[in-house]
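Below is coords.cif, holding mmCIF, C-alpha atoms.
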data_query
loop_
_atom_site.label_atom_id
_atom_site.label_comp_id
_atom_site.auth_asym_id
_atom_site.auth_seq_id
_atom_site.Cartn_x
_atom_site.Cartn_y
_atom_site.Cartn_z
CA MET B 121 21.02 3.50 -3.58
CA THR B 122 20.84 5.61 -6.70
CA ILE B 123 17.72 5.34 -8.84
CA GLN B 124 19.70 3.53 -11.53
CA GLN B 125 20.87 0.96 -8.98
CA VAL B 126 17.29 0.37 -7.85
CA LEU B 127 16.17 -0.03 -11.47
CA SER B 128 18.97 -2.52 -12.16
CA ILE B 129 17.79 -4.98 -9.47
CA THR B 130 15.01 -6.95 -11.14
CA ALA B 131 15.46 -10.69 -10.46
CA HIS B 132 12.74 -10.64 -7.79
CA ARG B 133 10.08 -9.11 -10.04
CA PRO B 134 7.16 -11.26 -11.27
CA TRP B 135 7.18 -9.55 -14.70
CA GLU B 136 9.34 -7.15 -16.68
CA MET B 137 9.31 -3.45 -15.89
CA PRO B 138 7.44 -1.07 -18.21
CA GLN B 139 9.49 0.13 -21.17
CA GLU B 140 8.39 3.77 -20.96
CA ASN B 141 10.04 6.33 -18.69
CA TRP B 142 9.05 6.31 -15.05
CA LYS B 143 7.06 9.28 -13.71
CA PHE B 144 7.59 9.53 -9.94
CA TYR B 145 10.11 8.67 -7.24
CA GLN B 146 9.18 8.25 -3.57
CA GLU B 147 10.30 6.42 -0.44
CA TRP B 148 8.15 4.27 1.82
CA ASN B 149 10.09 4.25 5.08
CA ASP B 150 9.71 2.90 8.62
CA ALA B 151 6.78 0.69 7.65
CA VAL B 152 4.54 -1.30 10.00
CA PHE B 153 2.50 -4.05 8.31
CA LEU B 154 -0.55 -5.60 9.99
CA HIS B 155 -2.33 -8.41 8.14
CA TRP B 156 -5.69 -10.11 8.65
CA GLN B 157 -7.10 -13.21 6.99
CA VAL B 158 -10.71 -12.33 6.12
CA ASP B 159 -13.95 -13.82 4.85
CA LEU B 160 -14.18 -13.96 1.07
CA GLU B 161 -17.90 -13.19 0.81
CA GLU B 162 -17.53 -10.12 3.04
CA LEU B 163 -14.53 -8.92 1.06
CA LYS B 164 -16.43 -9.21 -2.23
CA LYS B 165 -18.82 -6.53 -0.93
CA VAL B 166 -16.05 -3.87 -0.93
CA VAL B 167 -14.00 -4.90 -3.98
CA PRO B 168 -15.19 -3.98 -7.51
CA GLU B 169 -16.30 -6.94 -9.62
CA ASP B 170 -13.74 -6.03 -12.30
CA LEU B 171 -11.02 -7.29 -9.96
CA GLU B 172 -10.32 -10.90 -9.05
CA ILE B 173 -9.63 -11.28 -5.35
CA ASP B 174 -6.22 -12.92 -4.92
CA LEU B 175 -6.02 -15.83 -2.49
CA PHE B 176 -3.23 -17.46 -0.52
CA GLU B 177 -4.00 -21.13 0.07
CA GLY B 178 -7.64 -20.38 -0.66
CA LYS B 179 -7.97 -17.42 1.71
CA PRO B 180 -8.08 -13.63 1.10
CA TRP B 181 -6.22 -11.09 3.20
CA ILE B 182 -6.43 -7.41 4.13
CA SER B 183 -3.47 -5.36 5.38
CA LEU B 184 -3.04 -2.07 7.18
CA VAL B 185 0.31 -0.46 6.34
CA ALA B 186 1.53 2.58 8.30
CA PHE B 187 4.70 4.26 7.07
CA ASN B 188 6.47 7.51 6.25
CA MET B 189 6.04 8.81 2.70
CA GLU B 190 9.23 10.72 1.91
CA ASN B 191 11.15 12.46 -0.87
CA ILE B 192 8.29 12.45 -3.39
CA ARG B 193 9.26 13.96 -6.71
CA PRO B 194 8.45 13.82 -10.43
CA HIS B 195 11.08 12.35 -12.73
CA TYR B 196 12.75 15.62 -13.69
CA LEU B 197 12.18 17.72 -10.55
CA PRO B 198 13.55 17.73 -6.99
CA ALA B 199 11.44 16.74 -4.00
CA LEU B 200 9.36 19.57 -2.55
CA SER B 201 8.88 19.60 1.23
CA VAL B 202 5.44 21.24 0.91
CA VAL B 203 3.99 18.04 -0.58
CA SER B 204 6.44 15.43 0.74
CA ASN B 205 7.52 13.82 4.01
CA PHE B 206 4.43 12.80 5.98
CA PRO B 207 3.04 9.71 7.72
CA GLU B 208 0.54 7.66 5.74
CA ILE B 209 -1.78 4.73 6.44
CA ASN B 210 -3.35 2.55 3.80
CA ILE B 211 -5.75 -0.34 4.11
CA ARG B 212 -5.41 -2.67 1.16
CA THR B 213 -6.40 -6.05 -0.14
CA TYR B 214 -4.83 -8.34 -2.72
CA VAL B 215 -6.22 -8.69 -6.22
CA LYS B 216 -5.50 -9.69 -9.81
CA TYR B 217 -6.26 -7.72 -12.96
CA LYS B 218 -5.34 -8.49 -16.57
CA GLY B 219 -3.09 -11.33 -15.44
CA LYS B 220 -1.10 -9.32 -12.88
CA ALA B 221 -1.23 -9.60 -9.10
CA GLY B 222 -1.37 -6.34 -7.17
CA VAL B 223 -3.16 -4.44 -4.45
CA HIS B 224 -6.43 -2.55 -4.21
CA PHE B 225 -6.83 0.23 -1.64
CA LEU B 226 -9.91 0.42 0.56
CA SER B 227 -8.60 3.55 2.29
CA ILE B 228 -5.59 5.87 2.24
CA GLU B 229 -4.88 8.50 4.89
CA ALA B 230 -2.15 11.14 4.70
CA ALA B 231 -1.04 13.44 7.49
CA LYS B 232 -0.52 16.46 5.21
CA LYS B 233 -3.64 18.19 3.84
CA VAL B 234 -2.14 19.58 0.65
CA SER B 235 -0.52 16.25 -0.24
CA SER B 236 -3.75 14.39 0.37
CA LYS B 237 -5.67 16.76 -1.89
CA ILE B 238 -3.12 16.71 -4.71
CA ALA B 239 -2.73 12.93 -4.59
CA SER B 240 -6.50 12.46 -4.67
CA ILE B 241 -6.85 14.66 -7.76
CA LEU B 242 -3.84 13.41 -9.74
CA SER B 243 -3.97 9.71 -8.93
CA GLU B 244 -7.70 9.27 -8.22
CA LEU B 245 -6.67 7.09 -5.29
CA PRO B 246 -8.91 7.24 -2.16
CA TYR B 247 -6.76 9.72 -0.22
CA ARG B 248 -8.07 11.73 2.73
CA TYR B 249 -6.46 13.76 5.47
CA SER B 250 -6.01 12.41 9.00
CA PRO B 251 -3.92 13.96 11.80
CA MET B 252 -1.04 11.65 12.74
CA THR B 253 2.00 11.60 14.99
CA ARG B 254 5.02 9.37 14.61
CA THR B 255 8.01 8.46 16.80
CA HIS B 256 10.73 5.84 16.37
CA ASN B 257 8.50 3.16 17.93
CA SER B 258 4.93 4.46 17.74
CA PHE B 259 2.29 5.56 15.25
CA VAL B 260 -0.94 7.37 16.20
CA SER B 261 -3.75 8.55 13.91
CA GLU B 262 -7.28 9.81 14.54
CA ASN B 263 -9.92 10.97 12.09
CA THR B 264 -13.01 12.20 13.93
CA SER B 265 -14.97 12.73 10.69
CA PHE B 266 -14.88 9.01 9.94
CA GLY B 267 -14.56 7.80 13.53
CA ASP B 268 -11.27 6.12 12.63
CA ALA B 269 -8.41 5.66 15.08
CA PHE B 270 -5.13 3.80 14.99
CA LYS B 271 -2.40 3.46 17.61
CA ALA B 272 0.62 1.19 17.54
CA VAL B 273 3.50 1.03 20.00
CA TYR B 274 6.01 -1.59 18.95
CA SER B 275 9.45 -3.13 19.22
CA VAL B 276 11.37 -4.31 16.16
CA GLY B 277 12.85 -7.80 16.29
CA LYS B 278 15.03 -10.01 14.13
CA SER B 279 15.34 -9.84 10.37
CA LEU B 280 13.44 -12.35 8.24
CA GLU B 281 16.40 -13.04 5.99
CA HIS B 282 14.64 -15.53 3.73
CA LYS B 283 11.05 -14.54 3.06
CA GLU B 284 8.81 -17.21 1.63
CA GLY B 285 5.21 -18.31 1.66
CA ILE B 286 2.75 -15.85 3.13
CA ASP B 287 5.47 -13.35 4.13
CA LEU B 288 6.51 -13.02 0.50
CA TRP B 289 2.96 -13.03 -0.85
CA LEU B 290 1.82 -10.20 1.42
CA THR B 291 4.72 -7.83 0.82
CA GLU B 292 5.94 -8.22 -2.76
CA ARG B 293 3.44 -6.46 -5.04
CA TYR B 294 4.38 -4.41 -8.08
CA ALA B 295 1.04 -3.06 -9.29
CA LEU B 296 -2.03 -1.42 -7.85
CA PHE B 297 -5.51 -1.28 -9.31
CA GLN B 298 -8.05 1.35 -8.33
CA HIS B 299 -11.49 2.07 -9.73
CA THR B 300 -13.44 5.17 -10.56
CA ASN B 301 -17.07 5.07 -11.68
CA ASP B 302 -16.05 4.55 -15.31
CA THR B 303 -12.49 3.24 -15.34
CA MET B 304 -10.10 0.84 -13.70
CA ASN B 305 -6.79 2.60 -13.19
CA ALA B 306 -3.60 0.54 -13.17
CA PHE B 307 -0.29 1.71 -11.74
CA GLU B 308 3.02 -0.15 -11.97
CA ILE B 309 5.83 0.30 -9.47
CA HIS B 310 9.30 -1.02 -8.83
CA HIS B 311 11.49 -1.35 -5.75
CA ILE B 312 13.96 -3.82 -4.33
CA GLU B 313 12.50 -6.65 -2.29
CA TRP B 314 11.22 -5.33 1.05
CA PRO B 315 13.72 -5.97 3.88
CA VAL B 316 11.42 -7.39 6.55
CA PHE B 317 11.80 -7.79 10.32
CA GLN B 318 9.75 -9.30 13.08
CA ILE B 319 7.76 -6.80 15.15
CA GLU B 320 6.20 -7.06 18.61
CA MET B 321 3.11 -4.96 19.23
CA ASN B 322 3.33 -3.59 22.77
CA GLU B 323 0.09 -1.63 22.31
CA LEU B 324 -2.34 -1.77 19.42
CA LYS B 325 -5.64 -0.04 18.71
CA VAL B 326 -7.31 -0.43 15.32
CA ASN B 327 -10.75 1.17 15.05
CA TYR B 328 -12.13 1.61 11.54
CA PRO B 329 -15.94 1.34 11.76
CA ARG B 330 -16.32 0.89 7.98
CA PHE B 331 -14.06 -2.17 8.10
CA ILE B 332 -14.96 -3.60 11.49
CA GLN B 333 -15.85 -6.93 9.86
CA PHE B 334 -12.20 -7.27 8.81
CA LEU B 335 -10.09 -5.53 11.46
CA SER B 336 -11.86 -6.29 14.75
CA ASN B 337 -9.44 -8.96 15.99
CA ALA B 338 -5.70 -9.04 16.55
CA PRO B 339 -3.80 -9.28 13.24
CA ASP B 340 -2.85 -12.73 12.01
CA LYS B 341 0.56 -11.59 10.75
CA THR B 342 2.81 -8.60 11.39
CA HIS B 343 5.97 -7.23 9.76
CA TYR B 344 8.26 -4.24 10.02
CA SER B 345 10.50 -2.79 7.32
CA PRO B 346 12.95 0.12 7.34
CA GLY B 347 11.61 0.86 3.87
CA VAL B 348 12.19 0.88 0.13
CA GLN B 349 12.86 3.39 -2.63
CA VAL B 350 9.98 3.29 -5.09
CA ILE B 351 9.84 4.06 -8.80
CA ALA B 352 6.33 4.61 -10.21
CA TRP B 353 5.00 4.79 -13.75
CA GLY B 354 2.02 6.71 -15.07
CA LYS B 355 -1.60 5.73 -14.65
CA LYS B 356 -3.21 3.55 -17.30
CA ARG B 357 -6.98 3.68 -17.69
CA TYR B 358 -9.17 0.74 -18.71
CA LYS B 359 -12.90 0.83 -19.31
CA ARG B 360 -14.78 -0.90 -16.52
CA MET B 361 -16.90 -3.91 -17.29
CA ASN B 362 -19.14 -3.27 -14.31
CA LYS B 363 -19.88 0.41 -13.67
CA GLU B 364 -21.14 1.55 -10.29
CA LEU B 365 -24.71 2.80 -10.19
#
Write-out of the structure in structure tokens:
Amino acid sequence: MTIQQVLSITAHRPWEMPQENWKFYQEWNDAVFLHWQVDLEELKKVVPEDLEIDLFEGKPWISLVAFNMENIRPHYLPALSVVSNFPEINIRTYVKYKGKAGVHFLSIEAAKKVSSKIASILSELPYRYSPMTRTHNSFVSENTSFGDAFKAVYSVGKSLEHKEGIDLWLTERYALFQHTNDTMNAFEIHHIEWPVFQIEMNELKVNYPRFIQFLSNAPDKTHYSPGVQVIAWGKKRYKRMNKEL
């Protein structure tokens, strides 16, 4: 689709798009979603108090999403291969802030050093570099500095043509909220509704020592998507109510 076509599809959105010009275009392709239902009191320990933890039927969730980040570019410039086209893994949870539901990242790994560094500086998101390899049906990452490791070998199944309930709640998010010591940063995004498929995990290893209380068991839900084209707006800063010491 062209960017204008993506921007014209809005019926699925929970609120209107921002009125100002968008800042960045990117594609999140070949995405593997792993989801865990987690303990609320444990999750509160890693989520800033400024954010309300979002619940589905009274329960919070954490997701690991592994995908290819491709064709990144600012609004008025072409994509540059030196900072684009790399595998990425994020670990996220679901939150609300100022009346909007979105995601909050506990960790983001990128397989390209320069992209990780630039993204960390410009966005203030928790990016770090991790070596990764990707094939059409596998994803492998290992970060010896943190002791983190991820391996997934999978087979893609049938399309979920009519998402509803938890499948919709876990995938359709159009904002992200990330904290610094002094501010809560809010980012708005837009894309068409994720096309989602069933996925069978033929081999799965998830070892993140910092999040072992959340990711130690087999995931409760899984999804696969060929991807979406993403439009992103600029960062908005809000003063934090509860600063970190």
Practice task
Taking the file above as input, evaluate the PyMOL selection byres ((chain B and resi 234) around 12) and report the hits as an NGL selection string.
Solution key: :B and (200-206 or 230-233 or 235-241 or 247-250)
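Distance check against B:Asn191 using only C-alpha atoms: of B:Tyr328, B:Phe144, B:Trp289, B:Leu163, the minimum falls on B:Phe144.
The protein and nucleic acid residues lying at most 10 Å from B:Gln146 are Met189, Glu190, Asn191, Ile192, Arg193, Pro194, Ala199, Ser204, Asn205, Val348, Gln349, Val350, Ile351 and Ala352 of chain B, with only C-alpha atoms considered and sequence neighbours fewer than 5 positions away removed.
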Would you be able to write out as an mmCIF file with C-alpha atoms, in the coordinates of the input which residues have an atom within 9 Å of (-1.6, 4.3, -15.6) in the file's coordinates, counting all atoms listed in the file?
data_model
loop_
_atom_site.group_PDB
_atom_site.id
_atom_site.type_symbol
_atom_site.label_atom_id
_atom_site.label_comp_id
_atom_site.auth_asym_id
_atom_site.auth_seq_id
_atom_site.Cartn_x
_atom_site.Cartn_y
_atom_site.Cartn_z
ATOM 1 C CA SER B 243 -3.970 9.710 -8.930
ATOM 2 C CA ASN B 305 -6.790 2.600 -13.190
ATOM 3 C CA ALA B 306 -3.600 0.540 -13.170
ATOM 4 C CA PHE B 307 -0.290 1.710 -11.740
ATOM 5 C CA GLU B 308 3.020 -0.150 -11.970
ATOM 6 C CA TRP B 353 5.000 4.790 -13.750
ATOM 7 C CA GLY B 354 2.020 6.710 -15.070
ATOM 8 C CA LYS B 355 -1.600 5.730 -14.650
ATOM 9 C CA LYS B 356 -3.210 3.550 -17.300
ATOM 10 C CA ARG B 357 -6.980 3.680 -17.690
ATOM 11 C CA TYR B 358 -9.170 0.740 -18.710
#
Handout entry: Selected residue, from B:Phe317, B:Trp135, B:Phe225, B:Tyr196, that lies nearest to B:Gln298 when counting only C-alpha atoms
Key = B:Phe225
Handout entry: Selection result for the PyMOL selection byres ((chain B and resi 173-175) around 6) on this file, as a list in words
Key =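 Against this file, the PyMOL selection byres ((chain B and resi 173-175) around 6) returns the residues Glu172, Phe176, Gly178, Lys179, Pro180, Tyr214, Val215 and Lys216 of chain B.
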Taking the file as shown, what set of residues would the PyMOL selection byres ((chain B and resi 158) around 10) give back, as a PDB file with C-alpha atoms, in the coordinates of the input?
ATOM      1  CA  HIS B 155      -2.330  -8.410   8.140  1.00  0.00           C
ATOM      2  CA  TRP B 156      -5.690 -10.110   8.650  1.00  0.00           C
ATOM      3  CA  GLN B 157      -7.100 -13.210   6.990  1.00  0.00           C
ATOM      4  CA  ASP B 159     -13.950 -13.820   4.850  1.00  0.00           C
ATOM      5  CA  LEU B 160     -14.180 -13.960   1.070  1.00  0.00           C
ATOM      6  CA  GLU B 161     -17.900 -13.190   0.810  1.00  0.00           C
ATOM      7  CA  GLU B 162     -17.530 -10.120   3.040  1.00  0.00           C
ATOM      8  CA  LEU B 163     -14.530  -8.920   1.060  1.00  0.00           C
ATOM      9  CA  LYS B 179      -7.970 -17.420   1.710  1.00  0.00           C
ATOM     10  CA  PRO B 180      -8.080 -13.630   1.100  1.00  0.00           C
ATOM     11  CA  TRP B 181      -6.220 -11.090   3.200  1.00  0.00           C
ATOM     12  CA  ILE B 182      -6.430  -7.410   4.130  1.00  0.00           C
ATOM     13  CA  THR B 213      -6.400  -6.050  -0.140  1.00  0.00           C
ATOM     14  CA  GLN B 333     -15.850  -6.930   9.860  1.00  0.00           C
ATOM     15  CA  PHE B 334     -12.200  -7.270   8.810  1.00  0.00           C
ATOM     16  CA  LEU B 335     -10.090  -5.530  11.460  1.00  0.00           C
ATOM     17  CA  ASP B 340      -2.850 -12.730  12.010  1.00  0.00           C
TER      18      ASP B 340
END
Exercise for the section: Provide the atom CA of B:Pro329 to atom CA of B:Ala269 distance in Å, to one decimal place. Expected result: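 One can read the atom CA of B:Pro329 to atom CA of B:Ala269 distance as 9.3 Å.
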Problem - Two-atom distance - atom CA of B:Gln125, atom CA of B:Ala221 (Å) - result: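 Atom CA of B:Ala221 lies 24.5 Å from atom CA of B:Gln125.
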Practice task
Tell me, as a VMD selection string, which residues lie within 12 Å of B:His132, counting all atoms listed in the file; anything in the same chain fewer than 3 positions away does not count.
Solution key: chain B and resid 126 to 129 135 to 137 283 288 292 to 294 310 to 314
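Of the residues listed (B:Asn257, B:Val326, B:Glu208, B:Phe331), B:Phe331 shows the shortest atom-to-atom separation from B:Val166; distances use all atoms listed in the file.
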Put a box with edges along x, y and z around all the listed atoms of stretch 285-296 of chain B, pad it by 8 Å on each side, then give me its centre and sizes in Å, one decimal, as lines of an AutoDock Vina configuration file.
center_x = 2.2
center_y = -9.9
center_z = -2.6
size_x = 24.5
size_y = 32.9
size_z = 29.4
Practice task
Counting all atoms listed in the file, write as a PyMOL selection string all protein and nucleic acid residues lying at most 12 Å from (11.4, -4.8, 13.6) in the file's frame.
Solution key: chain B and resi 150-153+256-257+273-280+315-321+342-347
Output C-alpha atoms of each residue in that selection to a file, as an mmCIF file, in the coordinates of the input.
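For reference, part.cif as written:
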data_model
loop_
_atom_site.group_PDB
_atom_site.id
_atom_site.type_symbol
_atom_site.label_atom_id
_atom_site.label_comp_id
_atom_site.auth_asym_id
_atom_site.auth_seq_id
_atom_site.Cartn_x
_atom_site.Cartn_y
_atom_site.Cartn_z
ATOM 1 C CA ASP B 150 9.710 2.900 8.620
ATOM 2 C CA ALA B 151 6.780 0.690 7.650
ATOM 3 C CA VAL B 152 4.540 -1.300 10.000
ATOM 4 C CA PHE B 153 2.500 -4.050 8.310
ATOM 5 C CA HIS B 256 10.730 5.840 16.370
ATOM 6 C CA ASN B 257 8.500 3.160 17.930
ATOM 7 C CA VAL B 273 3.500 1.030 20.000
ATOM 8 C CA TYR B 274 6.010 -1.590 18.950
ATOM 9 C CA SER B 275 9.450 -3.130 19.220
ATOM 10 C CA VAL B 276 11.370 -4.310 16.160
ATOM 11 C CA GLY B 277 12.850 -7.800 16.290
ATOM 12 C CA LYS B 278 15.030 -10.010 14.130
ATOM 13 C CA SER B 279 15.340 -9.840 10.370
ATOM 14 C CA LEU B 280 13.440 -12.350 8.240
ATOM 15 C CA PRO B 315 13.720 -5.970 3.880
ATOM 16 C CA VAL B 316 11.420 -7.390 6.550
ATOM 17 C CA PHE B 317 11.800 -7.790 10.320
ATOM 18 C CA GLN B 318 9.750 -9.300 13.080
ATOM 19 C CA ILE B 319 7.760 -6.800 15.150
ATOM 20 C CA GLU B 320 6.200 -7.060 18.610
ATOM 21 C CA MET B 321 3.110 -4.960 19.230
ATOM 22 C CA THR B 342 2.810 -8.600 11.390
ATOM 23 C CA HIS B 343 5.970 -7.230 9.760
ATOM 24 C CA TYR B 344 8.260 -4.240 10.020
ATOM 25 C CA SER B 345 10.500 -2.790 7.320
ATOM 26 C CA PRO B 346 12.950 0.120 7.340
ATOM 27 C CA GLY B 347 11.610 0.860 3.870
#
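Here atom CA of B:Ala338 is placed at a distance of 20.5 Å from atom CA of B:Glu177.
Of the residues under consideration (B:Glu284, B:Asn327, B:Thr291, B:Lys218), B:Asn327 shows the shortest atom-to-atom contact distance to B:Thr264 when counting only C-alpha atoms.
Among B:Asp170, B:Asp268, B:Trp142, B:Met121, the residue with the shortest atom-to-atom distance to B:Ile332, counting only C-alpha atoms, is B:Asp268.
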